[in-house]
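As structure tokens, the structure follows; a few thoughts come after it.
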Amino acid sequence: MTGIRKTIAVLPGDGIGPEVIRAAISVVEECARGFSHRFEFVELPFGGAAIDQCGEPLPRETMKACRKADAVLLGAVGGAKWDSQPLDRRPEAGLLGLRKELGLYINVRPIRLLESLRAISPLRMEQNATIDMEIVRELAGGIYFGPRQSSGSNGDEVASDTEIYSSKEIERVALYAFRRAAARRGQLASIDKANVLVSSGLWRRTAQRIAKDFPEVQFESLYVDNAALQIILRPAQFDVILTSNMFGDILSDEAAALVGSIGLIPSMSLGKGTALYEPIHGSAPQLAGKDSANPIGTILCAAMMLRESFGLPAEAAAIEKAVAYALSRGFRTPDIAKRGAQTVGCTEMAARVRGAVAESHAETERYGWGV
Ligand code: IPM
Ligand code: MN
């Protein structure tokens, strides 16, 4: 494929956000060089950093640039410094605002066990069992965006959040999950709490109705408490999981732990506007500035962006293979190292992945195929 041009809005955000973003950009640039693509990265203030700089977590200029870009790559937001602010003025409100403004109602979180990390999974996995699932999380509705209230004072207070879903909101994300399942191993588990919540009853009925249009997909509905247990007892049997905004937030952290670290997991958000790519790990303030964060989640976000938004599967595969290669050579950030084992920092991990990308270009040039 001849070279393409793309503009990427980059929102480093807070905590380890800027470090992992820098790492991922360096890998994408190496990859772009080898394939003769031209990517322009436009960096913008966002989250706590934007509160400090511009007085709000999602400045208008940032929003405008995200709308115009071909994709958005985001680090993480949040930190103790802004925790005393009211909820609607915190960095997290900027993230929810960005998702909402871009109309991103689908969030895909692939959870894959990488072969060289089998030994650090907290599960005793059978020799040839693997974990390869995708969590499709509804991202623009539910309790995250429902009406909220709090009143009273001094130990006599009442607060409420509201979970609201319409059949249309459930349908659009469910359709995507069914198609995704049909293109993978053909299994879909929809997760709700329909034995207690009416909004979940609607979720279940809607998913079951759509299931009829996908006879090739093996479908089941699970209650969220049971699903939390099944994900640990039989992770290999999950293919695509469809769930609400809040259940998806919780279950994706749980599933991430099974494959070694939350630092490894990318995510992609899709809907009406520009697609957004962000690692699921958050800002990890305790690691910020220490060069010990794991950049792999964000590097894999970049690979996902190349494949899903730019239609560049070979480039995405080159980055994913480079990650697997760096891990197979034994390079480990602290979050994925065994106790007492030698570790590398965020910059060195990125350099190792970059090196493997460059190596595979060199091989391609020499022999006409990659390593
Ligand atoms: C995530 C995060 C966010 C969420 C926070 C930071 C608002 O936990 O992307 O998983 O809850 O969606
Ligand atoms: Mn989360």
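Residue names in the structure tokens use chain letters A, B, ... in the order shown, residue numbers from 1 in each chain, and ligand numbers from 1 in the order shown.
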
>> I need the residues of region 88-252 of chain A that end up classed as strand (DSSP E) by DSSP on the backbone, written out as a ChimeraX atom specification.
In response: /A:104-112,132-138,148-153,156-161,187-192,218-223,240-243

Under the rule of at most 8 Å, produce a per-residue listing of region 264-339 of chain A near region 73-94 of chain A: chain, number, name, the closest pair of atoms, and the distance in Å, as a Markdown table, using only C-alpha atoms.
| residue | atom | partner | partner_atom | distance |
| --- | --- | --- | --- | --- |
| A:Leu276 | CA | A:Leu73 | CA | 6.0 |
| A:Tyr277 | CA | A:Leu73 | CA | 4.9 |
| A:Glu278 | CA | A:Leu74 | CA | 4.9 |
| A:Pro279 | CA | A:Gly75 | CA | 6.8 |
| A:His281 | CA | A:Ala76 | CA | 7.6 |
| A:Gly282 | CA | A:Ala76 | CA | 5.0 |
| A:Ser283 | CA | A:Ala76 | CA | 4.8 |
| A:Ala284 | CA | A:Gly79 | CA | 7.9 |
| A:Pro285 | CA | A:Gly79 | CA | 6.0 |
| A:Thr298 | CA | A:Gly75 | CA | 7.3 |
| A:Cys301 | CA | A:Leu73 | CA | 7.8 |
| A:Ala302 | CA | A:Leu73 | CA | 7.6 |

>> I need the residue nearest Phe35 (chain A) from this list: A:Lys68, A:Pro215, A:Gly3, A:Asn195. Use only C-alpha atoms for the distance.
In response: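 Among the listed residues, A:Gly3 lies closest to Phe35 (chain A).
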
>> Under the rule that only C-alpha atoms and all ligand atoms are counted, which of A:Ser160, A:Thr206, A:Thr2, A:Asn245 is the nearest residue to ligand 1?
In response: A:Asn245

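With distances taken over only C-alpha atoms and all ligand atoms, A:Ser252 is the one residue among A:Ser199, A:Ser252, A:Thr347, A:Gln237 lying closest to ligand 2.
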